[in-house]
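The next block is data-v4.txt, given as compact mmCIF, C-alpha atoms and all ligand atoms.
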# COMPACT_ATOMS: atom_id res chain seq x y z
CA MET A 1 23.56 68.85 36.00
CA SER A 2 26.00 71.62 35.13
CA ILE A 3 29.59 71.21 33.97
CA ASP A 4 31.90 72.34 36.74
CA ILE A 5 35.59 72.27 35.78
CA THR A 6 38.04 72.13 38.68
CA MET A 7 41.27 71.44 36.79
CA LEU A 8 42.46 71.88 33.20
CA ARG A 9 45.92 71.00 32.00
CA ALA A 10 47.59 70.50 28.61
CA ILE A 11 50.96 69.05 27.67
CA GLU A 12 52.81 68.64 24.39
CA ILE A 13 52.72 65.05 23.07
CA LEU A 14 53.51 63.47 19.70
CA ASP A 15 51.15 62.64 16.86
CA SER A 16 51.53 59.74 14.43
CA ARG A 17 53.86 61.77 12.16
CA ALA A 18 56.29 62.56 15.00
CA ARG A 19 54.98 66.10 15.20
CA PRO A 20 53.91 67.73 18.45
CA THR A 21 50.26 68.06 19.34
CA LEU A 22 48.25 68.68 22.52
CA SER A 23 46.98 66.30 25.15
CA VAL A 24 44.39 68.00 27.35
CA THR A 25 43.28 66.65 30.73
CA VAL A 26 40.27 67.94 32.62
CA GLU A 27 38.79 67.22 36.03
CA LEU A 28 35.21 68.00 37.03
CA ALA A 29 33.84 68.83 40.47
CA GLY A 30 32.31 65.36 40.81
CA GLY A 31 35.78 63.84 40.36
CA ALA A 32 35.55 62.66 36.74
CA VAL A 33 38.87 62.96 34.91
CA ALA A 34 39.25 62.69 31.13
CA ARG A 35 41.83 63.35 28.47
CA ALA A 36 41.79 64.19 24.76
CA GLY A 37 44.44 64.04 22.02
CA VAL A 38 44.28 66.62 19.23
CA PRO A 39 44.52 65.52 15.57
CA SER A 40 46.31 67.44 12.80
CA GLY A 41 45.84 67.51 9.01
CA ALA A 42 48.31 67.76 6.11
CA SER A 43 46.00 68.49 3.17
CA THR A 44 44.02 71.23 4.83
CA GLY A 45 41.28 73.45 3.49
CA SER A 46 42.17 77.15 3.49
CA GLY A 47 39.06 77.93 5.57
CA GLU A 48 39.91 75.62 8.45
CA ALA A 49 40.15 76.89 12.00
CA VAL A 50 43.78 77.81 12.67
CA GLU A 51 46.16 75.33 14.25
CA LEU A 52 48.62 77.29 16.35
CA ARG A 53 52.29 76.29 15.91
CA ASP A 54 55.16 77.96 17.76
CA GLY A 55 57.25 78.69 14.68
CA ASP A 56 60.42 78.37 16.77
CA PRO A 57 62.92 76.70 14.40
CA ALA A 58 64.98 75.50 17.37
CA ARG A 59 62.22 73.07 18.41
CA TYR A 60 60.58 70.46 16.18
CA GLY A 61 61.34 72.53 13.08
CA GLY A 62 58.94 75.21 14.19
CA GLN A 63 56.09 72.73 14.75
CA GLY A 64 56.02 72.92 18.56
CA VAL A 65 52.71 73.67 20.27
CA ARG A 66 53.95 75.20 23.54
CA THR A 67 52.08 78.43 22.82
CA ALA A 68 48.78 76.56 22.45
CA VAL A 69 49.60 74.49 25.56
CA GLY A 70 50.26 77.76 27.41
CA HIS A 71 46.88 79.10 26.35
CA VAL A 72 45.12 76.06 27.81
CA ASN A 73 47.05 76.16 31.08
CA GLY A 74 46.80 79.93 31.39
CA GLU A 75 44.04 81.94 29.82
CA ILE A 76 41.56 79.13 29.14
CA ALA A 77 42.00 77.46 32.55
CA ASP A 78 41.57 80.85 34.25
CA ALA A 79 38.38 81.50 32.31
CA VAL A 80 36.66 78.13 32.74
CA CYS A 81 37.81 76.66 36.06
CA GLY A 82 35.46 77.20 38.96
CA ARG A 83 32.75 78.47 36.65
CA GLY A 84 29.68 76.28 36.07
CA PHE A 85 28.44 75.76 32.52
CA ALA A 86 24.87 74.73 31.82
CA ASP A 87 25.96 72.30 29.13
CA GLN A 88 28.53 71.58 26.39
CA THR A 89 27.08 74.34 24.21
CA ALA A 90 27.64 76.93 26.95
CA LEU A 91 31.21 75.76 27.54
CA ASP A 92 32.01 75.80 23.82
CA GLN A 93 30.44 79.24 23.39
CA ALA A 94 32.60 80.53 26.25
CA LEU A 95 35.69 79.19 24.43
CA ILE A 96 34.60 80.82 21.16
CA ASP A 97 33.98 84.14 22.92
CA LEU A 98 37.28 83.99 24.80
CA ASP A 99 39.16 83.42 21.54
CA GLY A 100 37.28 86.25 19.88
CA THR A 101 38.34 85.53 16.28
CA PRO A 102 36.22 83.92 13.54
CA ASN A 103 38.74 81.09 13.08
CA LYS A 104 40.16 80.50 16.58
CA SER A 105 43.50 81.87 15.47
CA ARG A 106 44.23 83.70 18.73
CA LEU A 107 44.08 80.82 21.21
CA GLY A 108 44.55 78.17 18.50
CA ALA A 109 41.92 75.72 17.29
CA ASN A 110 44.20 72.92 18.53
CA ALA A 111 43.98 74.33 22.07
CA VAL A 112 40.23 74.95 21.90
CA ILE A 113 39.21 71.59 20.40
CA GLY A 114 41.36 69.73 22.94
CA VAL A 115 39.51 71.42 25.81
CA SER A 116 36.12 70.90 24.18
CA MET A 117 36.74 67.18 23.57
CA ALA A 118 38.20 66.54 27.03
CA VAL A 119 35.25 68.26 28.72
CA ALA A 120 32.79 66.23 26.63
CA ARG A 121 34.46 62.99 27.64
CA ALA A 122 34.66 63.96 31.33
CA THR A 123 31.02 65.05 31.39
CA ALA A 124 29.90 61.78 29.83
CA ALA A 125 31.90 59.90 32.49
CA GLN A 126 30.45 62.08 35.23
CA ARG A 127 26.92 61.31 34.03
CA ASP A 128 27.83 57.65 33.68
CA VAL A 129 26.82 57.48 30.01
CA PRO A 130 29.03 56.35 27.13
CA LEU A 131 30.53 59.23 25.15
CA TRP A 132 28.51 58.33 22.04
CA ARG A 133 25.28 58.67 24.00
CA TYR A 134 26.38 62.03 25.46
CA LEU A 135 27.20 63.31 21.96
CA GLY A 136 24.00 62.06 20.33
CA PRO A 137 21.50 64.86 19.63
CA ALA A 138 17.95 64.47 20.97
CA GLY A 139 15.69 62.69 18.50
CA VAL A 140 18.59 61.19 16.50
CA SER A 141 19.02 57.40 16.55
CA PRO A 142 22.56 56.15 17.15
CA LEU A 143 24.02 53.93 14.45
CA LEU A 144 27.22 51.91 14.06
CA PRO A 145 28.88 53.47 11.00
CA VAL A 146 30.25 51.78 7.88
CA PRO A 147 34.04 51.99 8.21
CA HIS A 148 35.94 53.38 5.22
CA PHE A 149 39.43 51.89 5.28
CA ASN A 150 42.03 53.91 3.42
CA VAL A 151 44.20 51.13 1.97
CA LEU A 152 46.09 52.97 -0.79
CA ASN A 153 47.71 56.32 0.00
CA GLY A 154 48.99 59.00 -2.35
CA GLY A 155 48.97 62.80 -2.61
CA ALA A 156 50.17 64.68 0.45
CA HIS A 157 50.19 61.49 2.53
CA ALA A 158 52.91 59.59 0.66
CA THR A 159 55.95 60.18 -1.52
CA ASN A 160 54.77 57.93 -4.38
CA PRO A 161 53.64 59.42 -7.72
CA LEU A 162 49.94 58.74 -7.08
CA ASP A 163 48.11 62.09 -7.21
CA PHE A 164 44.82 60.88 -5.74
CA GLN A 165 45.23 60.93 -1.97
CA GLU A 166 42.96 58.14 -0.69
CA PHE A 167 41.54 54.88 -2.02
CA MET A 168 39.17 53.48 0.59
CA ILE A 169 37.25 50.23 0.87
CA ALA A 170 33.75 50.42 2.33
CA PRO A 171 32.09 47.11 3.25
CA LEU A 172 28.57 48.42 2.57
CA GLY A 173 27.23 44.89 2.26
CA ALA A 174 28.57 43.63 5.60
CA PRO A 175 25.88 42.33 7.97
CA ASP A 176 27.40 44.00 11.03
CA LEU A 177 30.33 46.08 12.21
CA ALA A 178 32.55 43.16 13.20
CA GLU A 179 32.16 41.61 9.75
CA ALA A 180 32.88 45.00 8.15
CA VAL A 181 36.12 45.27 10.12
CA ARG A 182 37.02 41.72 9.12
CA ALA A 183 36.40 42.54 5.44
CA GLY A 184 38.62 45.62 5.75
CA ALA A 185 41.48 43.66 7.29
CA GLU A 186 41.17 40.74 4.86
CA VAL A 187 41.16 42.97 1.78
CA TYR A 188 44.13 44.88 3.23
CA ALA A 189 46.03 41.58 3.58
CA ALA A 190 45.05 40.49 0.06
CA LEU A 191 46.18 43.83 -1.33
CA ARG A 192 49.56 43.47 0.36
CA ARG A 193 49.98 40.04 -1.27
CA ARG A 194 49.03 41.39 -4.70
CA LEU A 195 51.38 44.32 -4.37
CA SER A 196 54.37 42.20 -3.39
CA GLU A 197 53.63 39.61 -6.07
CA GLY A 198 53.48 42.44 -8.61
CA GLY A 199 56.88 43.73 -7.45
CA HIS A 200 55.42 46.85 -5.84
CA SER A 201 56.51 48.38 -2.57
CA THR A 202 54.36 47.60 0.45
CA GLY A 203 55.61 50.65 2.34
CA LEU A 204 52.93 52.67 4.05
CA GLY A 205 51.63 56.22 3.77
CA ASP A 206 50.62 58.46 6.67
CA GLU A 207 47.22 56.82 7.16
CA GLY A 208 48.54 53.25 7.10
CA GLY A 209 47.56 52.44 3.52
CA PHE A 210 50.09 51.09 1.03
CA ALA A 211 51.92 53.62 -1.10
CA PRO A 212 53.04 51.77 -4.26
CA ASP A 213 54.72 53.43 -7.23
CA LEU A 214 51.58 53.81 -9.28
CA SER A 215 50.54 57.03 -10.94
CA ARG A 216 47.26 56.36 -12.78
CA PRO A 217 44.28 56.21 -10.41
CA GLU A 218 42.71 53.57 -12.66
CA ASP A 219 45.68 51.25 -12.06
CA ALA A 220 45.23 51.60 -8.31
CA LEU A 221 41.51 50.89 -8.67
CA THR A 222 42.15 47.79 -10.80
CA LEU A 223 44.46 46.42 -8.10
CA LEU A 224 41.95 47.20 -5.40
CA VAL A 225 39.09 45.44 -7.17
CA ALA A 226 41.33 42.41 -7.66
CA ALA A 227 42.24 42.40 -3.95
CA ILE A 228 38.57 42.57 -2.95
CA GLY A 229 37.98 39.48 -5.11
CA ASP A 230 41.08 37.70 -3.75
CA ALA A 231 39.73 38.13 -0.23
CA GLY A 232 36.48 36.47 -1.27
CA TYR A 233 34.22 39.54 -1.36
CA THR A 234 32.01 40.92 -4.12
CA PRO A 235 33.19 44.32 -5.36
CA GLY A 236 30.26 46.72 -5.14
CA ARG A 237 27.49 47.97 -2.89
CA ASP A 238 26.33 44.46 -2.01
CA GLY A 239 29.81 43.58 -0.81
CA VAL A 240 32.85 45.84 -0.59
CA ALA A 241 32.57 49.16 -2.43
CA ILE A 242 35.25 51.77 -3.02
CA ALA A 243 35.38 55.41 -1.90
CA LEU A 244 37.85 57.96 -3.23
CA ASP A 245 39.31 61.12 -1.76
CA PRO A 246 41.41 62.56 -4.58
CA ALA A 247 41.91 65.74 -2.45
CA ALA A 248 42.00 67.65 -5.72
CA SER A 249 43.01 71.00 -4.19
CA GLU A 250 46.46 69.47 -3.76
CA PHE A 251 46.98 68.82 -7.51
CA ARG A 252 45.13 71.83 -8.84
CA GLN A 253 47.53 74.19 -10.60
CA PRO A 254 47.55 77.99 -10.44
CA ASP A 255 46.13 78.07 -14.00
CA GLY A 256 43.10 76.09 -12.81
CA THR A 257 44.06 72.78 -14.45
CA TYR A 258 44.52 69.51 -12.60
CA HIS A 259 47.64 67.37 -12.96
CA VAL A 260 46.82 63.67 -12.65
CA GLY A 261 49.38 60.98 -13.43
CA GLY A 262 51.35 63.32 -15.71
CA GLU A 263 48.26 64.50 -17.61
CA LYS A 264 46.97 68.05 -17.58
CA LEU A 265 43.19 68.10 -17.19
CA THR A 266 40.61 70.86 -17.18
CA SER A 267 37.86 70.77 -14.60
CA GLU A 268 35.55 69.39 -17.31
CA ASP A 269 38.12 66.70 -18.27
CA LEU A 270 38.42 65.61 -14.65
CA ILE A 271 34.63 65.35 -14.27
CA ALA A 272 34.54 63.20 -17.44
CA ARG A 273 37.30 61.07 -15.92
CA TYR A 274 35.19 60.53 -12.78
CA ARG A 275 32.19 59.60 -14.92
CA GLN A 276 34.28 56.92 -16.60
CA ILE A 277 35.72 55.74 -13.26
CA VAL A 278 32.22 55.37 -11.81
CA GLU A 279 31.26 53.43 -14.97
CA ASP A 280 34.23 51.04 -14.73
CA PHE A 281 34.75 50.60 -10.97
CA PRO A 282 32.49 50.05 -7.93
CA VAL A 283 33.09 53.57 -6.58
CA TRP A 284 30.23 54.73 -4.39
CA SER A 285 31.63 57.97 -2.94
CA ILE A 286 34.01 60.70 -4.13
CA GLU A 287 35.34 63.32 -1.71
CA ASP A 288 37.06 66.53 -2.83
CA GLY A 289 36.84 65.49 -6.48
CA LEU A 290 37.61 69.09 -7.43
CA GLY A 291 39.57 71.91 -5.83
CA GLU A 292 38.07 73.92 -2.97
CA ASP A 293 37.91 77.08 -5.10
CA ASP A 294 36.51 75.41 -8.24
CA HIS A 295 32.96 76.46 -7.42
CA ASP A 296 31.55 76.17 -10.96
CA GLY A 297 33.25 72.81 -11.39
CA TRP A 298 31.61 71.57 -8.18
CA VAL A 299 28.18 72.63 -9.45
CA ARG A 300 28.74 70.74 -12.73
CA LEU A 301 30.19 67.71 -10.93
CA THR A 302 27.12 67.59 -8.69
CA GLU A 303 24.75 67.96 -11.66
CA GLN A 304 26.46 65.17 -13.55
CA LEU A 305 27.22 62.65 -10.79
CA GLY A 306 25.19 63.69 -7.76
CA GLU A 307 22.37 61.25 -8.48
CA ARG A 308 24.77 58.39 -8.88
CA VAL A 309 27.38 58.67 -6.19
CA GLN A 310 27.96 60.39 -2.90
CA LEU A 311 29.93 63.61 -3.43
CA VAL A 312 31.63 64.72 -0.21
CA GLY A 313 32.87 68.25 0.47
CA ASP A 314 35.91 68.48 2.74
CA ASP A 315 38.41 71.26 1.89
CA ASN A 316 35.53 73.41 0.61
CA PHE A 317 33.17 72.81 3.57
CA VAL A 318 35.70 72.60 6.45
CA THR A 319 33.01 71.35 8.89
CA ASN A 320 31.70 74.91 9.06
CA PRO A 321 27.89 74.99 9.46
CA ALA A 322 27.53 78.31 7.60
CA VAL A 323 29.79 77.21 4.73
CA ILE A 324 27.98 73.88 4.39
CA ALA A 325 24.63 75.71 4.35
CA ARG A 326 25.90 77.93 1.53
CA GLY A 327 27.08 74.87 -0.40
CA ILE A 328 23.66 73.28 0.01
CA ASP A 329 22.02 76.44 -1.38
CA ASP A 330 24.45 76.47 -4.29
CA GLY A 331 23.80 72.82 -5.20
CA ILE A 332 27.32 71.70 -4.34
CA ALA A 333 28.00 68.10 -3.25
CA ASN A 334 25.49 65.92 -1.41
CA ALA A 335 27.50 65.12 1.72
CA SER A 336 30.09 66.68 4.02
CA LEU A 337 33.17 65.35 5.70
CA ILE A 338 33.20 66.05 9.45
CA LYS A 339 36.47 66.83 11.27
CA LEU A 340 36.42 68.22 14.80
CA ASN A 341 39.59 70.27 14.46
CA GLN A 342 38.50 71.89 11.18
CA ILE A 343 35.94 73.95 13.11
CA GLY A 344 37.33 73.73 16.65
CA THR A 345 34.53 72.82 19.09
CA VAL A 346 32.32 69.78 19.67
CA THR A 347 29.18 71.94 19.56
CA GLU A 348 29.97 73.46 16.16
CA THR A 349 30.83 69.99 14.82
CA LEU A 350 27.43 68.67 15.93
CA HIS A 351 25.81 71.77 14.42
CA ALA A 352 27.52 71.05 11.07
CA MET A 353 26.12 67.51 11.19
CA ALA A 354 22.63 68.83 11.99
CA VAL A 355 22.81 71.12 8.94
CA CYS A 356 23.64 68.07 6.79
CA ARG A 357 20.85 65.99 8.32
CA GLN A 358 18.21 68.67 7.80
CA ALA A 359 19.17 69.08 4.13
CA GLY A 360 19.29 65.34 3.43
CA TYR A 361 23.05 65.59 2.95
CA GLY A 362 25.26 62.71 4.03
CA ALA A 363 27.93 63.19 6.70
CA MET A 364 31.12 61.17 7.12
CA VAL A 365 33.09 61.51 10.36
CA SER A 366 36.83 61.63 9.73
CA HIS A 367 40.21 61.36 11.41
CA ARG A 368 43.17 63.50 10.28
CA SER A 369 46.36 62.21 8.69
CA GLY A 370 48.18 63.16 11.90
CA GLU A 371 46.47 61.31 14.76
CA THR A 372 46.86 60.16 18.34
CA GLU A 373 45.45 57.11 20.09
CA ASP A 374 42.33 59.15 20.97
CA SER A 375 39.20 57.41 19.67
CA PHE A 376 36.71 60.27 20.18
CA ILE A 377 35.55 60.19 16.54
CA ALA A 378 34.30 56.61 16.88
CA ASP A 379 31.83 57.80 19.52
CA LEU A 380 30.98 60.89 17.47
CA ALA A 381 30.12 58.73 14.45
CA VAL A 382 27.91 56.39 16.52
CA GLY A 383 26.10 59.07 18.52
CA SER A 384 25.42 61.32 15.55
CA GLY A 385 23.89 58.41 13.65
CA CYS A 386 25.63 59.52 10.43
CA GLY A 387 26.41 55.95 9.34
CA GLN A 388 29.90 56.60 7.94
CA ILE A 389 33.42 56.96 9.31
CA LYS A 390 36.85 57.11 7.70
CA THR A 391 39.82 56.60 9.97
CA GLY A 392 42.58 55.16 7.83
CA ALA A 393 43.84 51.66 7.18
CA PRO A 394 42.95 48.72 9.43
CA ALA A 395 46.58 48.96 10.60
CA ARG A 396 48.75 51.21 12.81
CA GLY A 397 47.73 51.86 16.37
CA GLU A 398 46.34 55.37 15.96
CA ARG A 399 43.98 54.18 13.18
CA VAL A 400 43.06 50.84 14.75
CA ALA A 401 42.21 52.60 18.05
CA LYS A 402 39.10 54.02 16.39
CA TYR A 403 38.02 50.75 14.75
CA ASN A 404 38.62 48.91 18.03
CA ARG A 405 36.52 51.45 19.93
CA LEU A 406 33.71 50.79 17.44
CA LEU A 407 34.10 47.05 18.01
CA HIS A 408 33.79 47.58 21.77
CA ILE A 409 30.69 49.74 21.38
CA ALA A 410 29.17 47.13 19.04
CA ALA A 411 29.95 44.27 21.44
CA HIS A 412 28.48 46.08 24.45
CA HIS A 413 25.43 47.29 22.57
CA PRO A 414 24.21 44.56 20.24
CA GLU A 415 20.94 46.49 19.94
CA LEU A 416 22.65 49.22 17.88
CA PRO A 417 21.96 48.94 14.15
CA PHE A 418 24.83 49.02 11.63
CA GLY A 419 25.02 50.64 8.22
CA LEU A 420 24.57 53.84 6.26
CA ARG A 421 21.95 56.24 7.54
CA PRO A 422 18.61 55.02 6.19
P1 LIG A 501 44.39 65.57 6.18
O1 LIG A 501 43.69 64.71 5.03
O2 LIG A 501 43.98 65.06 7.49
O3 LIG A 501 45.84 65.41 5.86
O4 LIG A 501 43.92 66.99 5.96
C1 LIG A 501 42.46 64.06 5.20
C2 LIG A 501 41.50 64.41 4.10
O5 LIG A 501 41.84 65.14 3.16
O6 LIG A 501 40.36 63.97 4.16
ZN ZN A 502 39.60 64.91 2.29
Can the structure from this file be put into structure tokens for me?
Amino acid sequence: MSIDITMLRAIEILDSRARPTLSVTVELAGGAVARAGVPSGASTGSGEAVELRDGDPARYGGQGVRTAVGHVNGEIADAVCGRGFADQTALDQALIDLDGTPNKSRLGANAVIGVSMAVARATAAQRDVPLWRYLGPAGVSPLLPVPHFNVLNGGAHATNPLDFQEFMIAPLGAPDLAEAVRAGAEVYAALRRRLSEGGHSTGLGDEGGFAPDLSRPEDALTLLVAAIGDAGYTPGRDGVAIALDPAASEFRQPDGTYHVGGEKLTSEDLIARYRQIVEDFPVWSIEDGLGEDDHDGWVRLTEQLGERVQLVGDDNFVTNPAVIARGIDDGIANASLIKLNQIGTVTETLHAMAVCRQAGYGAMVSHRSGETEDSFIADLAVGSGCGQIKTGAPARGERVAKYNRLLHIAAHHPELPFGLRP
């Protein structure tokens, strides 16, 4: 059954940070209609596919996406409408070829990924299969992923002095998805109580986590462990574990040092700091522990901690299959973050996940700090069987949309297993 697009249309909508993004609607010959909302990052890797912004200071401070919208409604619609595609891969390849650049900078990765996602959703509807089943590669078992709730925000996602960007709770010990979501929400509530009792602000960062005036990551971790206990859970892999995304590229200085909580650390110092953190706290996963260009540091970090914790590449891997493959060869990290808009098509995203799977690397599907109500990544995480998703706090509509989609999938498909990939 080929993919036959009869109508393609984009408009400018808002993301969760009040910045414009694209909503893309597609209609197929069989009558299926579907829509996709495009996410947008703030702490981006330099190798990401290019998000096209208008740069017109008279609109949205230059952040408008009318140019990208125009590309969907003009050039892309002209190229794909009325033309049958054998499958998603063929459609995505046509988009890549039409753009013609290595990083989708001509048409805009925001335009291209919106079309790719909308077509995937419409095709699934047309075939009367859930999106997660449509996205699942042959021979890969679907799996309900362990949610990673980002409950404390810092770095580029908040104005507090916390340099580490994300402190996530991961209910690895939960018996099923619904109980994992409950654990996330209960710890979030307990953390709010602890913060207010301690005189801290309970204001939120961009991903819905609290953004208190803390600067030392260890102080944030101490609070988090206490909140896990308050909520009645065991801190650790048997109960609720912790995952970090320091997003270290953001606090790496031009001289190669890292500034954390007012201290100036070398790459080696920061690795030693992580070793101590892993000793003292139930941290099971560290993403972007070092800067994207600190290649030697990443090799040493992986040598020293790779057996003990999951080390996730994000800014350095940018969901690019070739870059991830190089990292695997170089002995960097043992898992990759997966973001659709970092690479720009559904097919390339699935390819990046296949590269991880074949190398025994973990893969964690991720939202962006700027999001819409689109819950595509919930289906991507289930269908790909990767076992892990991070999509912010268990609060704020654009974050909860993804967790709620997972709850719906779990309720309709009680046969689906839950947990990390075995
Ligand atoms: P971003 O951050 O969406 O702002 O890029 C998310 C991350 O670093 O994982
Ligand atoms: Zn990250």
Could I get the residues of chain A with an atom no further than 8 Å from an atom of ligand ZN 502 (chain A), each paired with its nearest atom pair and that distance in Å to one decimal, using all atoms listed in the file, sorted by chain and residue number, as JSON lines?
{"residue": "A:Ser43", "atom": "CA", "partner": "A:ZN502", "partner_atom": "ZN", "distance": 7.4}
{"residue": "A:Asp245", "atom": "CA", "partner": "A:ZN502", "partner_atom": "ZN", "distance": 5.6}
{"residue": "A:Pro246", "atom": "CA", "partner": "A:ZN502", "partner_atom": "ZN", "distance": 7.5}
{"residue": "A:Ala247", "atom": "CA", "partner": "A:ZN502", "partner_atom": "ZN", "distance": 5.3}
{"residue": "A:Glu287", "atom": "CA", "partner": "A:ZN502", "partner_atom": "ZN", "distance": 6.1}
{"residue": "A:Asp288", "atom": "CA", "partner": "A:ZN502", "partner_atom": "ZN", "distance": 5.9}
{"residue": "A:Gly313", "atom": "CA", "partner": "A:ZN502", "partner_atom": "ZN", "distance": 7.7}
{"residue": "A:Asp314", "atom": "CA", "partner": "A:ZN502", "partner_atom": "ZN", "distance": 5.2}
{"residue": "A:Asp315", "atom": "CA", "partner": "A:ZN502", "partner_atom": "ZN", "distance": 6.5}
{"residue": "A:Leu337", "atom": "CA", "partner": "A:ZN502", "partner_atom": "ZN", "distance": 7.3}
Produce a table with one row for each residue of chain A that has an atom at most 9 Å from any atom of ligand LIG 501 (chain A), each row naming the nearest atom pair and its distance in Å at one decimal; use only C-alpha atoms and all ligand atoms; arrange rows by chain and rising residue number; format as CSV.
residue,atom,partner,partner_atom,distance
A:Pro39,CA,A:LIG501,O2,8.1
A:Ser40,CA,A:LIG501,O2,6.3
A:Gly41,CA,A:LIG501,O2,3.4
A:Ala42,CA,A:LIG501,O3,3.4
A:Ser43,CA,A:LIG501,O4,3.8
A:Thr44,CA,A:LIG501,O4,4.4
A:Gly45,CA,A:LIG501,O4,7.4
A:Ala156,CA,A:LIG501,O3,7.0
A:His157,CA,A:LIG501,O3,6.7
A:Gln165,CA,A:LIG501,O5,7.5
A:Glu166,CA,A:LIG501,O6,8.0
A:Asp206,CA,A:LIG501,O3,8.5
A:Glu207,CA,A:LIG501,O3,8.8
A:Asp245,CA,A:LIG501,O6,6.7
A:Pro246,CA,A:LIG501,O5,8.2
A:Ala247,CA,A:LIG501,O5,5.6
A:Glu287,CA,A:LIG501,O6,7.8
A:Asp288,CA,A:LIG501,O5,7.8
A:Asp314,CA,A:LIG501,O6,6.5
A:Asp315,CA,A:LIG501,O5,7.1
A:Leu337,CA,A:LIG501,O6,7.5
A:Lys339,CA,A:LIG501,O2,8.6
A:Gln342,CA,A:LIG501,O4,9.0
A:Ser366,CA,A:LIG501,O6,7.0
A:His367,CA,A:LIG501,O2,6.6
A:Arg368,CA,A:LIG501,O2,3.3
A:Ser369,CA,A:LIG501,O2,3.9
A:Gly370,CA,A:LIG501,O2,6.4
A:Glu371,CA,A:LIG501,O2,8.6
A:Lys390,CA,A:LIG501,O6,8.5
Selected residues, C-alpha atoms, written as a PDB file, in the coordinates of the input, please.
ATOM      1  CA  PRO A  39      44.520  65.520  15.570  1.00  0.00           C
ATOM      2  CA  SER A  40      46.310  67.440  12.800  1.00  0.00           C
ATOM      3  CA  GLY A  41      45.840  67.510   9.010  1.00  0.00           C
ATOM      4  CA  ALA A  42      48.310  67.760   6.110  1.00  0.00           C
ATOM      5  CA  SER A  43      46.000  68.490   3.170  1.00  0.00           C
ATOM      6  CA  THR A  44      44.020  71.230   4.830  1.00  0.00           C
ATOM      7  CA  GLY A  45      41.280  73.450   3.490  1.00  0.00           C
ATOM      8  CA  ALA A 156      50.170  64.680   0.450  1.00  0.00           C
ATOM      9  CA  HIS A 157      50.190  61.490   2.530  1.00  0.00           C
ATOM     10  CA  GLN A 165      45.230  60.930  -1.970  1.00  0.00           C
ATOM     11  CA  GLU A 166      42.960  58.140  -0.690  1.00  0.00           C
ATOM     12  CA  ASP A 206      50.620  58.460   6.670  1.00  0.00           C
ATOM     13  CA  GLU A 207      47.220  56.820   7.160  1.00  0.00           C
ATOM     14  CA  ASP A 245      39.310  61.120  -1.760  1.00  0.00           C
ATOM     15  CA  PRO A 246      41.410  62.560  -4.580  1.00  0.00           C
ATOM     16  CA  ALA A 247      41.910  65.740  -2.450  1.00  0.00           C
ATOM     17  CA  GLU A 287      35.340  63.320  -1.710  1.00  0.00           C
ATOM     18  CA  ASP A 288      37.060  66.530  -2.830  1.00  0.00           C
ATOM     19  CA  ASP A 314      35.910  68.480   2.740  1.00  0.00           C
ATOM     20  CA  ASP A 315      38.410  71.260   1.890  1.00  0.00           C
ATOM     21  CA  LEU A 337      33.170  65.350   5.700  1.00  0.00           C
ATOM     22  CA  LYS A 339      36.470  66.830  11.270  1.00  0.00           C
ATOM     23  CA  GLN A 342      38.500  71.890  11.180  1.00  0.00           C
ATOM     24  CA  SER A 366      36.830  61.630   9.730  1.00  0.00           C
ATOM     25  CA  HIS A 367      40.210  61.360  11.410  1.00  0.00           C
ATOM     26  CA  ARG A 368      43.170  63.500  10.280  1.00  0.00           C
ATOM     27  CA  SER A 369      46.360  62.210   8.690  1.00  0.00           C
ATOM     28  CA  GLY A 370      48.180  63.160  11.900  1.00  0.00           C
ATOM     29  CA  GLU A 371      46.470  61.310  14.760  1.00  0.00           C
ATOM     30  CA  LYS A 390      36.850  57.110   7.700  1.00  0.00           C
TER      31      LYS A 390
END
For Asp296 (chain A), find every residue with an atom within 10 Å (counting all atoms listed in the file), except residues of its own chain fewer than 5 positions away, and show them as a PDB file with C-alpha atoms, keeping the file's coordinate frame.
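Writing the result to result-v9.pdb gives the following:
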ATOM      1  CA  SER A 267      37.860  70.770 -14.600  1.00  0.00           C
ATOM      2  CA  LEU A 290      37.610  69.090  -7.430  1.00  0.00           C
ATOM      3  CA  LEU A 301      30.190  67.710 -10.930  1.00  0.00           C
ATOM      4  CA  THR A 302      27.120  67.590  -8.690  1.00  0.00           C
ATOM      5  CA  ASP A 330      24.450  76.470  -4.290  1.00  0.00           C
ATOM      6  CA  ILE A 332      27.320  71.700  -4.340  1.00  0.00           C
TER       7      ILE A 332
END
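Taking CA of Asn341 (chain A) as the reference point, CA of Val115 (chain A) is found at 11.4 Å.
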Which is closer to Pro161 (chain A) than all the others in A:Ala272, A:Ile277, A:Met7, A:Ala220, using only C-alpha atoms?
A:Ala220
Which distance in Å separates CA of Phe164 (chain A) and CA of Gly232 (chain A), to one decimal?
26.2 Å
If you measure from CA of Pro102 (chain A) to CA of Ala49 (chain A), what distance in Å do you get, rounded to one decimal?
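CA of Pro102 (chain A) sits 8.2 Å away from CA of Ala49 (chain A).
Nearest to Asp97 (chain A) of all the residues A:Leu416, A:Leu265, A:Val112, A:Cys356 is A:Val112, counting all atoms listed in the file.
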Between A:Leu214, A:Pro137, A:Leu144, A:Phe376, which has the minimum distance to Arg357 (chain A) (counting only C-alpha atoms)?
A:Pro137
Given all atoms listed in the file, how would the per-residue table for region 391-415 of chain A near region 177-190 of chain A read, listing every residue at most 8 Å away with its closest atom pair and distance in Å to one decimal, sorted by chain and number, as JSON lines?
{"residue": "A:Ala393", "atom": "CA", "partner": "A:Tyr188", "partner_atom": "CA", "distance": 7.9}
{"residue": "A:Pro394", "atom": "CA", "partner": "A:Ala185", "partner_atom": "CA", "distance": 5.7}
{"residue": "A:Tyr403", "atom": "CA", "partner": "A:Val181", "partner_atom": "CA", "distance": 7.4}
{"residue": "A:Leu406", "atom": "CA", "partner": "A:Leu177", "partner_atom": "CA", "distance": 7.8}
{"residue": "A:Leu407", "atom": "CA", "partner": "A:Ala178", "partner_atom": "CA", "distance": 6.4}
{"residue": "A:Ala410", "atom": "CA", "partner": "A:Leu177", "partner_atom": "CA", "distance": 7.0}
